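**Student:** Just so it is clear, I am handing over model.pdb, which has PDB, C-alpha atoms and all ligand atoms.
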```pdb
ATOM      1  CA  MET A   5     132.530   7.922  50.494
ATOM      2  CA  TYR A   6     133.336  11.369  51.861
ATOM      3  CA  GLY A   7     132.642  12.297  55.481
ATOM      4  CA  LEU A   8     131.574  15.598  56.934
ATOM      5  CA  VAL A   9     135.168  16.854  57.031
ATOM      6  CA  GLY A  10     135.594  16.040  53.356
ATOM      7  CA  ARG A  11     132.409  17.837  52.482
ATOM      8  CA  LEU A  12     133.278  20.927  54.482
ATOM      9  CA  HIS A  13     136.724  20.890  52.891
ATOM     10  CA  GLN A  14     135.062  20.829  49.473
ATOM     11  CA  VAL A  15     132.782  23.703  50.473
ATOM     12  CA  ALA A  16     135.842  25.632  51.657
ATOM     13  CA  LEU A  17     137.632  25.005  48.356
ATOM     14  CA  ASP A  18     134.618  26.180  46.428
ATOM     15  CA  CYS A  19     134.409  29.286  48.553
ATOM     16  CA  VAL A  20     137.850  30.584  47.648
ATOM     17  CA  ALA A  21     136.866  32.512  44.552
ATOM     18  CA  PRO A  22     133.479  34.191  45.240
ATOM     19  CA  SER A  23     133.412  37.047  47.722
ATOM     20  CA  ARG A  24     129.783  36.927  48.868
ATOM     21  CA  CYS A  25     127.635  34.153  50.324
ATOM     22  CA  ALA A  26     124.956  33.154  47.809
ATOM     23  CA  GLY A  27     122.628  32.318  50.717
ATOM     24  CA  CYS A  28     122.698  35.582  52.660
ATOM     25  CA  ALA A  29     125.029  37.956  50.748
ATOM     26  CA  LYS A  30     127.435  38.200  53.679
ATOM     27  CA  SER A  31     130.960  38.854  52.435
ATOM     28  CA  GLY A  32     133.458  36.026  52.769
ATOM     29  CA  GLY A  33     132.843  33.071  50.450
ATOM     30  CA  ALA A  34     130.378  31.318  48.177
ATOM     31  CA  LEU A  35     128.511  29.875  51.148
ATOM     32  CA  CYS A  36     128.969  31.036  54.738
ATOM     33  CA  GLU A  37     129.122  28.802  57.790
ATOM     34  CA  ALA A  38     125.790  30.082  59.141
ATOM     35  CA  CYS A  39     124.033  29.216  55.883
ATOM     36  CA  VAL A  40     125.672  25.769  55.793
ATOM     37  CA  ASP A  41     124.429  25.147  59.351
ATOM     38  CA  ALA A  42     120.940  26.421  58.513
ATOM     39  CA  ILE A  43     120.726  24.284  55.380
ATOM     40  CA  GLU A  44     121.994  21.134  57.121
ATOM     41  CA  ALA A  45     119.375  21.608  59.864
ATOM     42  CA  THR A  46     116.418  21.584  57.443
ATOM     43  CA  PRO A  47     114.359  18.387  57.135
ATOM     44  CA  VAL A  48     114.358  16.345  53.931
ATOM     45  CA  PRO A  49     111.145  17.202  52.036
ATOM     46  CA  LEU A  50     108.629  14.477  51.262
ATOM     47  CA  VAL A  51     107.580  14.575  47.625
ATOM     48  CA  SER A  52     106.146  11.779  45.543
ATOM     49  CA  GLY A  53     108.067  10.330  42.626
ATOM     50  CA  VAL A  54     111.358  12.108  43.243
ATOM     51  CA  ARG A  55     113.975  12.271  45.962
ATOM     52  CA  ALA A  56     114.716  15.849  46.978
ATOM     53  CA  ALA A  57     117.483  16.972  49.318
ATOM     54  CA  PHE A  58     115.966  20.305  50.296
ATOM     55  CA  VAL A  59     112.818  22.370  50.188
ATOM     56  CA  TYR A  60     113.119  25.236  47.717
ATOM     57  CA  GLU A  61     113.013  28.092  50.231
ATOM     58  CA  THR A  62     115.183  30.572  52.153
ATOM     59  CA  GLU A  63     118.961  30.018  51.657
ATOM     60  CA  VAL A  64     118.473  27.107  49.259
ATOM     61  CA  ARG A  65     116.186  29.147  47.035
ATOM     62  CA  ARG A  66     118.587  32.073  46.999
ATOM     63  CA  ILE A  67     121.590  29.887  46.135
ATOM     64  CA  LEU A  68     119.754  28.159  43.289
ATOM     65  CA  HIS A  69     118.456  31.500  42.079
ATOM     66  CA  HIS A  70     122.007  32.907  42.047
ATOM     67  CA  GLY A  71     123.234  29.768  40.319
ATOM     68  CA  LYS A  72     120.633  30.141  37.634
ATOM     69  CA  PHE A  73     120.747  33.830  36.923
ATOM     70  CA  ARG A  74     124.296  34.734  37.851
ATOM     71  CA  ASP A  75     127.436  32.719  37.403
ATOM     72  CA  CYS A  76     127.612  31.273  40.883
ATOM     73  CA  ARG A  77     128.647  27.683  40.256
ATOM     74  CA  ALA A  78     130.780  27.537  43.388
ATOM     75  CA  ALA A  79     127.767  28.036  45.675
ATOM     76  CA  LEU A  80     125.764  25.591  43.596
ATOM     77  CA  ARG A  81     128.477  22.933  43.917
ATOM     78  CA  ALA A  82     128.713  23.567  47.643
ATOM     79  CA  LEU A  83     124.946  23.145  48.009
ATOM     80  CA  ALA A  84     125.060  19.931  45.954
ATOM     81  CA  TRP A  85     127.754  18.551  48.261
ATOM     82  CA  LEU A  86     125.591  19.375  51.282
ATOM     83  CA  GLY A  87     122.635  17.630  49.648
ATOM     84  CA  ALA A  88     124.535  14.574  48.385
ATOM     85  CA  PRO A  89     124.283  12.504  51.611
ATOM     86  CA  ARG A  90     120.507  13.039  51.581
ATOM     87  CA  LEU A  91     120.171  11.547  48.120
ATOM     88  CA  GLN A  92     120.924   7.835  47.976
ATOM     89  CA  PRO A  93     121.405   6.591  44.409
ATOM     90  CA  PRO A  94     120.451   3.102  43.273
ATOM     91  CA  ALA A  95     123.446   0.740  43.016
ATOM     92  CA  ASP A  96     125.696   1.051  39.942
ATOM     93  CA  ALA A  97     123.607   3.871  38.495
ATOM     94  CA  LEU A  98     124.675   6.043  35.598
ATOM     95  CA  VAL A  99     124.189   9.651  36.661
ATOM     96  CA  THR A 100     122.737  11.985  34.057
ATOM     97  CA  PRO A 101     121.433  15.562  34.198
ATOM     98  CA  VAL A 102     118.193  16.843  32.720
ATOM     99  CA  PRO A 103     119.551  18.776  29.736
ATOM    100  CA  LEU A 104     118.971  22.463  29.281
ATOM    101  CA  ALA A 105     117.579  23.888  26.066
ATOM    102  CA  ALA A 106     120.541  24.733  23.838
ATOM    103  CA  ARG A 107     119.600  28.395  23.637
ATOM    104  CA  ARG A 108     119.487  28.792  27.411
ATOM    105  CA  ALA A 109     122.671  26.757  27.947
ATOM    106  CA  HIS A 110     124.376  29.054  25.482
ATOM    107  CA  GLN A 111     123.103  32.189  27.226
ATOM    108  CA  ARG A 112     124.057  30.949  30.690
ATOM    109  CA  GLY A 113     127.211  29.141  29.649
ATOM    110  CA  TYR A 114     126.415  26.015  31.676
ATOM    111  CA  ASN A 115     123.618  23.680  32.718
ATOM    112  CA  GLN A 116     122.764  24.066  36.385
ATOM    113  CA  ALA A 117     121.410  20.488  36.568
ATOM    114  CA  ARG A 118     124.730  19.218  35.204
ATOM    115  CA  VAL A 119     126.693  21.046  37.905
ATOM    116  CA  VAL A 120     124.501  19.308  40.501
ATOM    117  CA  ALA A 121     124.703  15.911  38.756
ATOM    118  CA  LYS A 122     128.505  16.131  38.573
ATOM    119  CA  ALA A 123     128.782  16.870  42.292
ATOM    120  CA  LEU A 124     126.411  14.005  43.178
ATOM    121  CA  ALA A 125     128.330  11.611  40.907
ATOM    122  CA  GLU A 126     131.608  12.592  42.545
ATOM    123  CA  PHE A 127     130.230  12.265  46.056
ATOM    124  CA  HIS A 128     128.690   8.840  45.436
ATOM    125  CA  GLN A 129     131.565   7.748  43.175
ATOM    126  CA  LEU A 130     129.354   7.026  40.185
ATOM    127  CA  GLN A 131     129.870   7.744  36.509
ATOM    128  CA  LEU A 132     128.380  10.877  34.966
ATOM    129  CA  HIS A 133     127.149  10.625  31.382
ATOM    130  CA  ASP A 134     125.158  13.048  29.270
ATOM    131  CA  LEU A 135     122.519  10.578  28.117
ATOM    132  CA  LEU A 136     119.811  13.055  27.105
ATOM    133  CA  GLU A 137     119.520  16.038  24.834
ATOM    134  CA  ARG A 138     116.790  18.548  24.081
ATOM    135  CA  THR A 139     115.155  17.978  20.755
ATOM    136  CA  ARG A 140     113.769  21.487  20.572
ATOM    137  CA  ASP A 141     113.965  24.721  22.489
ATOM    138  CA  THR A 142     110.967  25.143  24.761
ATOM    139  CA  PRO A 143     109.789  28.246  26.603
ATOM    140  CA  ALA A 144     111.103  28.461  30.186
ATOM    141  CA  GLN A 145     108.833  26.360  32.444
ATOM    142  CA  SER A 146     108.644  29.241  34.906
ATOM    143  CA  THR A 147     106.623  31.244  32.363
ATOM    144  CA  LEU A 148     103.865  28.599  32.102
ATOM    145  CA  ASP A 149     101.032  27.167  34.192
ATOM    146  CA  ARG A 150     100.802  23.489  35.137
ATOM    147  CA  SER A 151      99.011  22.088  32.092
ATOM    148  CA  ALA A 152     101.065  24.201  29.718
ATOM    149  CA  ARG A 153     104.230  22.906  31.423
ATOM    150  CA  ARG A 154     103.298  19.306  30.729
ATOM    151  CA  GLU A 155     102.503  20.076  27.100
ATOM    152  CA  ASN A 156     105.694  22.117  26.785
ATOM    153  CA  VAL A 157     108.046  19.246  27.730
ATOM    154  CA  THR A 158     106.286  16.454  25.833
ATOM    155  CA  ARG A 159     108.723  15.152  23.220
ATOM    156  CA  ALA A 160     111.279  17.762  24.320
ATOM    157  CA  PHE A 161     113.945  15.123  25.072
ATOM    158  CA  ALA A 162     115.770  12.359  23.236
ATOM    159  CA  VAL A 163     118.538   9.936  24.138
ATOM    160  CA  VAL A 164     121.853  11.132  22.672
ATOM    161  CA  ALA A 165     122.536   9.032  19.556
ATOM    162  CA  GLY A 166     125.830   7.649  20.839
ATOM    163  CA  ALA A 167     124.381   6.727  24.242
ATOM    164  CA  ARG A 168     121.556   4.374  23.238
ATOM    165  CA  ALA A 169     123.590   1.199  23.873
ATOM    166  CA  MET A 170     124.596   2.543  27.285
ATOM    167  CA  VAL A 171     120.993   3.286  28.278
ATOM    168  CA  ALA A 172     119.623  -0.145  27.297
ATOM    169  CA  GLY A 173     119.282  -2.225  30.464
ATOM    170  CA  ALA A 174     120.923   0.437  32.624
ATOM    171  CA  THR A 175     119.986   1.860  35.988
ATOM    172  CA  VAL A 176     119.880   5.634  35.595
ATOM    173  CA  TRP A 177     119.927   8.314  38.256
ATOM    174  CA  LEU A 178     118.321  11.325  36.613
ATOM    175  CA  VAL A 179     119.275  14.619  38.268
ATOM    176  CA  ASP A 180     117.741  18.076  38.137
ATOM    177  CA  ASP A 181     118.361  21.173  40.213
ATOM    178  CA  VAL A 182     114.784  22.137  41.101
ATOM    179  CA  VAL A 183     111.492  20.294  40.676
ATOM    180  CA  THR A 184     108.171  22.146  40.647
ATOM    181  CA  THR A 185     105.395  20.048  39.118
ATOM    182  CA  GLY A 186     107.694  17.187  38.110
ATOM    183  CA  SER A 187     106.572  17.295  34.489
ATOM    184  CA  THR A 188     110.067  18.009  33.125
ATOM    185  CA  THR A 189     111.768  15.192  35.026
ATOM    186  CA  ALA A 190     108.877  12.812  34.229
ATOM    187  CA  ALA A 191     109.205  13.543  30.498
ATOM    188  CA  ALA A 192     112.967  12.947  30.644
ATOM    189  CA  ARG A 193     112.469   9.703  32.603
ATOM    190  CA  ASP A 194     109.894   8.434  30.082
ATOM    191  CA  VAL A 195     112.394   8.900  27.256
ATOM    192  CA  LEU A 196     114.993   6.835  29.130
ATOM    193  CA  VAL A 197     112.448   4.086  29.881
ATOM    194  CA  ASP A 198     111.338   4.052  26.239
ATOM    195  CA  ALA A 199     115.006   3.641  25.252
ATOM    196  CA  GLY A 200     115.226   0.497  27.394
ATOM    197  CA  ALA A 201     116.563   1.688  30.737
ATOM    198  CA  ALA A 202     115.875  -1.006  33.341
ATOM    199  CA  ARG A 203     115.322   1.474  36.145
ATOM    200  CA  VAL A 204     115.212   5.262  36.380
ATOM    201  CA  GLU A 205     115.205   7.142  39.677
ATOM    202  CA  ILE A 206     114.899  10.895  39.917
ATOM    203  CA  ALA A 207     116.876  13.027  42.347
ATOM    204  CA  VAL A 208     116.646  16.788  42.695
ATOM    205  CA  LEU A 209     118.488  19.212  44.871
ATOM    206  CA  ALA A 210     115.377  21.135  45.849
ATOM    207  CA  ALA A 211     111.631  20.678  45.581
ATOM    208  CA  VAL A 212     108.987  23.392  45.528
ATOM    209  CA  VAL A 213     106.458  22.105  48.077
TER
HETATM  210 ZN    ZN A 301     125.318  32.932  54.207
END
```
How does this structure look as structure tokens?

**Tutor:**
Amino acid sequence: MYGLVGRLHQVALDCVAPSRCAGCAKSGGALCEACVDAIEATPVPLVSGVRAAFVYETEVRRILHHGKFRDCRAALRALAWLGAPRLQPPADALVTPVPLAARRAHQRGYNQARVVAKALAEFHQLQLHDLLERTRDTPAQSTLDRSARRENVTRAFAVVAGARAMVAGATVWLVDDVVTTGSTTAAARDVLVDAGAARVEIAVLAAVV
């Protein structure tokens, strides 16, 4: 388990390359000290069905927005490390990200949820596995209303063929970057349960409340 010093060291390492804070645009690093302090001072949001480290607002929203629409993985990793102590995984869980539609992963070059899942797995010293895949490209959830979102993600996921034996009987910690209505994470969880997972818990870095 890493302490505060370890986490700040990790944030510092991640801040070497970028020249502007993703939280406030101040020049210096991926995430400035003032933003780290502000983020660490925020309360853990209460949302049903998922564990969320932060509310999706102010610095957190800006960092996740940068991470999604610009290549700002360093700030995203730093934020995930700040959120990791707030997200307690079930014992011996396999950590897996909600997969991104192949088309969007290709455009962006990486899956934001996977960056978060990898940081959480490292912090809690758990194994990261890509257990799920998208079965079809779906329109971005942000373009749809609530009922359309639920319809959009139904049957959008499948367990990766080679991972079925691993999922059976397993405890899975399913990770996403941001949760809005919860329909995406719920659909992904249902697929894991259908494949025989003994327990699935959902953790997200930030929740829209
Ligand atoms: Zn800042």

**Student:** Go through A:Thr188, A:Gln116, A:Ser52, A:Thr62 one by one, measure the shortest atom-to-atom distance of each to ligand ZN 301 (chain A) using all atoms listed in the file, and give the residue with the smallest value.

**Tutor:**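 Going through A:Thr188, A:Gln116, A:Ser52, A:Thr62 one by one, the smallest distance to ligand ZN 301 (chain A) is for A:Thr62.
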
**Student:** Please write the residues picked by the PyMOL selection byres (((chain A and resi 89-103) around 6) and not hetatm) on this file as a list in words.

**Tutor:** Ala57, Gly87, Ala88, Leu104, Ala117, Arg118, Ala121, Gln131, Leu132, His133, Asp134, Glu137, Thr175, Val176, Trp177, Leu178, Val179 and Asp180 of chain A

**Student:** Only C-alpha atoms, please: the residues just picked out, written as an mmCIF file, in the frame of the given file.

**Tutor:**
```cif
data_model
loop_
_atom_site.group_PDB
_atom_site.id
_atom_site.type_symbol
_atom_site.label_atom_id
_atom_site.label_comp_id
_atom_site.auth_asym_id
_atom_site.auth_seq_id
_atom_site.Cartn_x
_atom_site.Cartn_y
_atom_site.Cartn_z
ATOM 1 C CA ALA A 57 117.483 16.972 49.318
ATOM 2 C CA GLY A 87 122.635 17.630 49.648
ATOM 3 C CA ALA A 88 124.535 14.574 48.385
ATOM 4 C CA LEU A 104 118.971 22.463 29.281
ATOM 5 C CA ALA A 117 121.410 20.488 36.568
ATOM 6 C CA ARG A 118 124.730 19.218 35.204
ATOM 7 C CA ALA A 121 124.703 15.911 38.756
ATOM 8 C CA GLN A 131 129.870 7.744 36.509
ATOM 9 C CA LEU A 132 128.380 10.877 34.966
ATOM 10 C CA HIS A 133 127.149 10.625 31.382
ATOM 11 C CA ASP A 134 125.158 13.048 29.270
ATOM 12 C CA GLU A 137 119.520 16.038 24.834
ATOM 13 C CA THR A 175 119.986 1.860 35.988
ATOM 14 C CA VAL A 176 119.880 5.634 35.595
ATOM 15 C CA TRP A 177 119.927 8.314 38.256
ATOM 16 C CA LEU A 178 118.321 11.325 36.613
ATOM 17 C CA VAL A 179 119.275 14.619 38.268
ATOM 18 C CA ASP A 180 117.741 18.076 38.137
#
```

**Student:** Applied to the shown file, which residues does the PyMOL selection byres (((chain A and resi 203-212) around 8) and not hetatm) return, written as number ranges by chain?

**Tutor:** A: 49, 51, 53-61, 64, 84, 87, 91, 93-94, 120, 173-184, 189, 193, 196-197, 201-202, 213

**Student:** Could you take the residues named above and write them with C-alpha atoms, as a JSON list (two decimals), in the frame of the given file?

**Tutor:**
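Written out: part_3.json:
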```json
[["chain", "number", "residue", "atom", "x", "y", "z"],
["A", 49, "PRO", "CA", 111.14, 17.20, 52.04],
["A", 51, "VAL", "CA", 107.58, 14.58, 47.62],
["A", 53, "GLY", "CA", 108.07, 10.33, 42.63],
["A", 54, "VAL", "CA", 111.36, 12.11, 43.24],
["A", 55, "ARG", "CA", 113.98, 12.27, 45.96],
["A", 56, "ALA", "CA", 114.72, 15.85, 46.98],
["A", 57, "ALA", "CA", 117.48, 16.97, 49.32],
["A", 58, "PHE", "CA", 115.97, 20.30, 50.30],
["A", 59, "VAL", "CA", 112.82, 22.37, 50.19],
["A", 60, "TYR", "CA", 113.12, 25.24, 47.72],
["A", 61, "GLU", "CA", 113.01, 28.09, 50.23],
["A", 64, "VAL", "CA", 118.47, 27.11, 49.26],
["A", 84, "ALA", "CA", 125.06, 19.93, 45.95],
["A", 87, "GLY", "CA", 122.64, 17.63, 49.65],
["A", 91, "LEU", "CA", 120.17, 11.55, 48.12],
["A", 93, "PRO", "CA", 121.40, 6.59, 44.41],
["A", 94, "PRO", "CA", 120.45, 3.10, 43.27],
["A", 120, "VAL", "CA", 124.50, 19.31, 40.50],
["A", 173, "GLY", "CA", 119.28, -2.22, 30.46],
["A", 174, "ALA", "CA", 120.92, 0.44, 32.62],
["A", 175, "THR", "CA", 119.99, 1.86, 35.99],
["A", 176, "VAL", "CA", 119.88, 5.63, 35.60],
["A", 177, "TRP", "CA", 119.93, 8.31, 38.26],
["A", 178, "LEU", "CA", 118.32, 11.32, 36.61],
["A", 179, "VAL", "CA", 119.28, 14.62, 38.27],
["A", 180, "ASP", "CA", 117.74, 18.08, 38.14],
["A", 181, "ASP", "CA", 118.36, 21.17, 40.21],
["A", 182, "VAL", "CA", 114.78, 22.14, 41.10],
["A", 183, "VAL", "CA", 111.49, 20.29, 40.68],
["A", 184, "THR", "CA", 108.17, 22.15, 40.65],
["A", 189, "THR", "CA", 111.77, 15.19, 35.03],
["A", 193, "ARG", "CA", 112.47, 9.70, 32.60],
["A", 196, "LEU", "CA", 114.99, 6.84, 29.13],
["A", 197, "VAL", "CA", 112.45, 4.09, 29.88],
["A", 201, "ALA", "CA", 116.56, 1.69, 30.74],
["A", 202, "ALA", "CA", 115.88, -1.01, 33.34],
["A", 213, "VAL", "CA", 106.46, 22.10, 48.08]]
```

**Student:** Counting only C-alpha atoms, which residue out of A:Leu68, A:Leu136, A:Ala82, A:Leu130 sits closest to Glu37 in chain A?

**Tutor:** A:Ala82

**Student:** List every residue of chain A that has an atom at most 12 Å from any atom of ligand ZN 301 (chain A), and for each one report the closest atom pair and its distance in Å to one decimal, counting all atoms listed in the file, with rows sorted by chain and then by increasing residue number, as CSV.

**Tutor:**
```
residue,atom,partner,partner_atom,distance
A:Cys19,CA,A:ZN301,ZN,11.3
A:Ser23,CA,A:ZN301,ZN,11.2
A:Arg24,CA,A:ZN301,ZN,8.0
A:Cys25,CA,A:ZN301,ZN,4.7
A:Ala26,CA,A:ZN301,ZN,6.4
A:Gly27,CA,A:ZN301,ZN,4.4
A:Cys28,CA,A:ZN301,ZN,4.0
A:Ala29,CA,A:ZN301,ZN,6.1
A:Lys30,CA,A:ZN301,ZN,5.7
A:Ser31,CA,A:ZN301,ZN,8.4
A:Gly32,CA,A:ZN301,ZN,8.8
A:Gly33,CA,A:ZN301,ZN,8.4
A:Ala34,CA,A:ZN301,ZN,8.0
A:Leu35,CA,A:ZN301,ZN,5.4
A:Cys36,CA,A:ZN301,ZN,4.1
A:Glu37,CA,A:ZN301,ZN,6.7
A:Ala38,CA,A:ZN301,ZN,5.7
A:Cys39,CA,A:ZN301,ZN,4.3
A:Val40,CA,A:ZN301,ZN,7.3
A:Asp41,CA,A:ZN301,ZN,9.4
A:Ala42,CA,A:ZN301,ZN,8.9
A:Ile43,CA,A:ZN301,ZN,9.9
A:Thr62,CA,A:ZN301,ZN,10.6
A:Glu63,CA,A:ZN301,ZN,7.4
A:Val64,CA,A:ZN301,ZN,10.3
A:Arg66,CA,A:ZN301,ZN,9.9
A:Ile67,CA,A:ZN301,ZN,9.4
A:Ala79,CA,A:ZN301,ZN,10.1
A:Ala82,CA,A:ZN301,ZN,11.9
A:Leu83,CA,A:ZN301,ZN,11.6
```

**Student:** Please measure the separation of CA of Gly166 in chain A and CA of His128 in chain A, giving the value in Å to one decimal.

**Tutor:**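 About the pair CA of Gly166 in chain A and CA of His128 in chain A: they are 24.8 Å apart.
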
**Student:** Using all atoms listed in the file, which of the listed residues (A:Val119, A:Ala190, A:Met170, A:Ala199) sits closest to Trp85 in chain A?

**Tutor:**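 The answer is A:Val119, which sits nearest to Trp85 in chain A.
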
**Student:** Could you work out an axis-aligned bounding box for all listed atoms of range 21-37 of chain A, with 3 Å added on each of the six sides, and give its centre and edge lengths in Å to one decimal, as lines of an AutoDock Vina configuration file?

**Tutor:**
```
center_x = 129.7
center_y = 33.8
center_z = 51.2
size_x = 20.2
size_y = 16.1
size_z = 19.2
```

**Student:** Which residues are close to Asp198 in chain A, i.e. within 10 Å by only C-alpha atoms, leaving aside same-chain residues fewer than 5 positions away? Reply as a list in words.

**Tutor:**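 Here the qualifying residues turn out to be Ala162, Val163, Val171, Ala172 and Arg193 of chain A.
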
**Student:** Suppose you want the space between CA of Ala125 in chain A and CA of Ser187 in chain A; what is it in Å?

**Tutor:** 23.4 Å

**Student:** One decimal, in Å: what's the spacing between CA of Leu86 in chain A and CA of Arg138 in chain A?

**Tutor:**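 Atom-to-atom, CA of Leu86 in chain A and CA of Arg138 in chain A are spaced 28.6 Å apart.
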
**Student:** How would you write as a ChimeraX atom specification the residues that get within 7 Å of (111.2, 14.2, 27.1) in the file's frame, counting only C-alpha atoms?

**Tutor:** /A:157-162,191-192,194-195

**Student:** Could I see range 116-132 of chain A restored to N, CA and C atoms, set down as a PDB file, keeping the file's coordinate frame?

**Tutor:**
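Output contents, as saved in rebuild-v3.pdb:
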```pdb
ATOM      1  N   GLN A 116     122.793  24.141  34.926  1.00  0.00           N
ATOM      2  CA  GLN A 116     122.764  24.066  36.385  1.00  0.00           C
ATOM      3  C   GLN A 116     122.542  22.624  36.865  1.00  0.00           C
ATOM      4  N   ALA A 117     121.669  21.883  36.189  1.00  0.00           N
ATOM      5  CA  ALA A 117     121.410  20.488  36.568  1.00  0.00           C
ATOM      6  C   ALA A 117     122.676  19.642  36.412  1.00  0.00           C
ATOM      7  N   ARG A 118     123.507  19.983  35.417  1.00  0.00           N
ATOM      8  CA  ARG A 118     124.730  19.218  35.204  1.00  0.00           C
ATOM      9  C   ARG A 118     125.753  19.487  36.308  1.00  0.00           C
ATOM     10  N   VAL A 119     125.799  20.725  36.787  1.00  0.00           N
ATOM     11  CA  VAL A 119     126.693  21.046  37.905  1.00  0.00           C
ATOM     12  C   VAL A 119     126.303  20.207  39.120  1.00  0.00           C
ATOM     13  N   VAL A 120     124.996  20.099  39.373  1.00  0.00           N
ATOM     14  CA  VAL A 120     124.501  19.308  40.501  1.00  0.00           C
ATOM     15  C   VAL A 120     124.792  17.824  40.271  1.00  0.00           C
ATOM     16  N   ALA A 121     124.502  17.334  39.066  1.00  0.00           N
ATOM     17  CA  ALA A 121     124.703  15.911  38.756  1.00  0.00           C
ATOM     18  C   ALA A 121     126.174  15.529  38.909  1.00  0.00           C
ATOM     19  N   LYS A 122     127.067  16.413  38.485  1.00  0.00           N
ATOM     20  CA  LYS A 122     128.505  16.131  38.573  1.00  0.00           C
ATOM     21  C   LYS A 122     128.940  16.016  40.038  1.00  0.00           C
ATOM     22  N   ALA A 123     128.430  16.918  40.871  1.00  0.00           N
ATOM     23  CA  ALA A 123     128.782  16.870  42.292  1.00  0.00           C
ATOM     24  C   ALA A 123     128.239  15.595  42.936  1.00  0.00           C
ATOM     25  N   LEU A 124     127.010  15.224  42.600  1.00  0.00           N
ATOM     26  CA  LEU A 124     126.411  14.005  43.178  1.00  0.00           C
ATOM     27  C   LEU A 124     127.177  12.766  42.710  1.00  0.00           C
ATOM     28  N   ALA A 125     127.573  12.756  41.442  1.00  0.00           N
ATOM     29  CA  ALA A 125     128.330  11.611  40.907  1.00  0.00           C
ATOM     30  C   ALA A 125     129.679  11.494  41.623  1.00  0.00           C
ATOM     31  N   GLU A 126     130.315  12.619  41.854  1.00  0.00           N
ATOM     32  CA  GLU A 126     131.608  12.592  42.545  1.00  0.00           C
ATOM     33  C   GLU A 126     131.437  12.100  43.980  1.00  0.00           C
ATOM     34  N   PHE A 127     130.437  12.641  44.654  1.00  0.00           N
ATOM     35  CA  PHE A 127     130.230  12.265  46.056  1.00  0.00           C
ATOM     36  C   PHE A 127     129.955  10.772  46.187  1.00  0.00           C
ATOM     37  N   HIS A 128     129.086  10.253  45.329  1.00  0.00           N
ATOM     38  CA  HIS A 128     128.690   8.840  45.436  1.00  0.00           C
ATOM     39  C   HIS A 128     129.565   7.928  44.578  1.00  0.00           C
ATOM     40  N   GLN A 129     130.600   8.505  43.976  1.00  0.00           N
ATOM     41  CA  GLN A 129     131.565   7.748  43.175  1.00  0.00           C
ATOM     42  C   GLN A 129     130.873   6.921  42.085  1.00  0.00           C
ATOM     43  N   LEU A 130     130.054   7.622  41.329  1.00  0.00           N
ATOM     44  CA  LEU A 130     129.354   7.026  40.185  1.00  0.00           C
ATOM     45  C   LEU A 130     129.779   7.751  38.916  1.00  0.00           C
ATOM     46  N   GLN A 131     129.502   7.130  37.787  1.00  0.00           N
ATOM     47  CA  GLN A 131     129.870   7.744  36.509  1.00  0.00           C
ATOM     48  C   GLN A 131     128.800   8.728  36.034  1.00  0.00           C
ATOM     49  N   LEU A 132     129.273   9.868  35.548  1.00  0.00           N
ATOM     50  CA  LEU A 132     128.380  10.877  34.966  1.00  0.00           C
ATOM     51  C   LEU A 132     128.406  10.755  33.452  1.00  0.00           C
TER      52      LEU A 132
END
```
